[in-house]
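J.: This is the structure I have questions about; it appears just below.
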Amino acid sequence: MLTFLRYLLQLILAPAKGWEDIEASDPDPELLTRKALYPLTGIAAATEFLALFYSRGTGLPEVLMRATALFGTYFTAVFIARLIFELYLGRLTTAAPDSRRTSTMTVCGIGLMVLVRMLENCLPWNLVLLKFLPIYVVLVLYKAIPYIGVRRDSELSFTGLAAAAIVGVPLAIYYLLYLIIQ
């Protein structure tokens with residue numbers, strides 16, 4: 001898990017160099033998913049319990065539902081993003097897309113989204129600036145173009161596809177579930 005957190009920190013600080021380092025180390029995406037992303041998502045779900053201290057009138061049942069919704073959102077988002085990339089990424093790359101690299105990009109992108117959600121949960125204030133952090137995740141995904149091998153004329157399409165699959169899907173699922181819980 002520490003290696004995964006190091007990858008995420010590199011992607012946050014220097015996205016292009018981070019993707020180069022991930023390419024050089026070539027991590028196993030299934031191992032990253034099982035040993036790092038799911039535990040990180042569990043920790044993010046546990047940060048939902050901070051609302052008991054920060055928000056008045058928030059009860060344990062509501063926090064439990066929100067924590068379950070958060071974990072379920074990112075757990076499901078990994079599979080939906082992989083499906084979207086499997087269906088559409090081949091149209092945008094120079095050669096057949098490498099499923100290992102695509103899965104690694106998906107896991108790292110979802111991991112960044114989990115970190116954003118953890119940061120929002122840990123701060124007692126509702127800062128508008130935090131709502132814009134997923135845009136930075138889109139920038140990090142844009143820098144993955146050489147890592148994935150996207151054609152020169154398909155860079156914008158790839159960025160839109162990656163933004164929809166890795167950023168849009170989890171946000172849509174989370175806010176839909178959040179509306180149902182409220």
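FYI, nothing fancy with the structure tokens labels: chains A, B, ... in order, residues from 1 per chain, ligands from 1 as they appear.
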Which residues are near Cys122 in chain A? Cut-off 12 Å, only C-alpha atoms, ignore same chain within fewer than 4 positions. Put them as a PyMOL selection string.

T.: chain A and resi 43-55+115-118+126-127+130

J.: Within 7 Å of range 157-160 of chain A, which residues of range 74-146 of chain A come that close, and what is the closest atom pair and distance in Å for each? Count only C-alpha atoms and give it as CSV.

T.:
```
residue,atom,partner,partner_atom,distance
A:Leu92,CA,A:Phe158,CA,6.6
A:Leu141,CA,A:Thr159,CA,6.9
A:Tyr142,CA,A:Thr159,CA,5.5
```

J.: Suppose we keep N, CA, C and O atoms; can you now write the selection as a short mmCIF file (atom, residue, chain, number, x, y, z; two decimals), in the first residue's frame?

T.:
```
data_model
loop_
_atom_site.label_atom_id
_atom_site.label_comp_id
_atom_site.auth_asym_id
_atom_site.auth_seq_id
_atom_site.Cartn_x
_atom_site.Cartn_y
_atom_site.Cartn_z
N LEU A 92 -8.91 4.82 -29.91
CA LEU A 92 -8.12 6.02 -29.68
C LEU A 92 -6.62 5.78 -29.63
O LEU A 92 -5.85 6.73 -29.64
N LEU A 141 -4.82 12.49 -15.59
CA LEU A 141 -5.17 11.48 -16.60
C LEU A 141 -4.74 11.92 -17.99
O LEU A 141 -4.36 11.10 -18.81
N TYR A 142 -4.80 13.21 -18.27
CA TYR A 142 -4.33 13.73 -19.55
C TYR A 142 -2.85 13.43 -19.74
O TYR A 142 -2.41 13.10 -20.84
#
```

J.: Can you list, as number ranges by chain, every protein, DNA or RNA residue that comes within 10 Å of Pro15 in chain A when you count only C-alpha atoms, leaving out same-chain residues fewer than 2 positions away?

T.: A: 7-13, 17-21, 136-137, 139-144

J.: Separation of CA of Ile166 in chain A and CA of Pro61 in chain A, in Å?

T.: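 According to the coordinates, CA of Ile166 in chain A and CA of Pro61 in chain A are separated by 28.8 Å.
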
J.: Using only C-alpha atoms, which of the listed residues (A:Ala162, A:Leu176, A:Arg101, A:Asp153) sits closest to Ala24 in chain A?

T.: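 Result for the nearest residue to Ala24 in chain A: A:Arg101.
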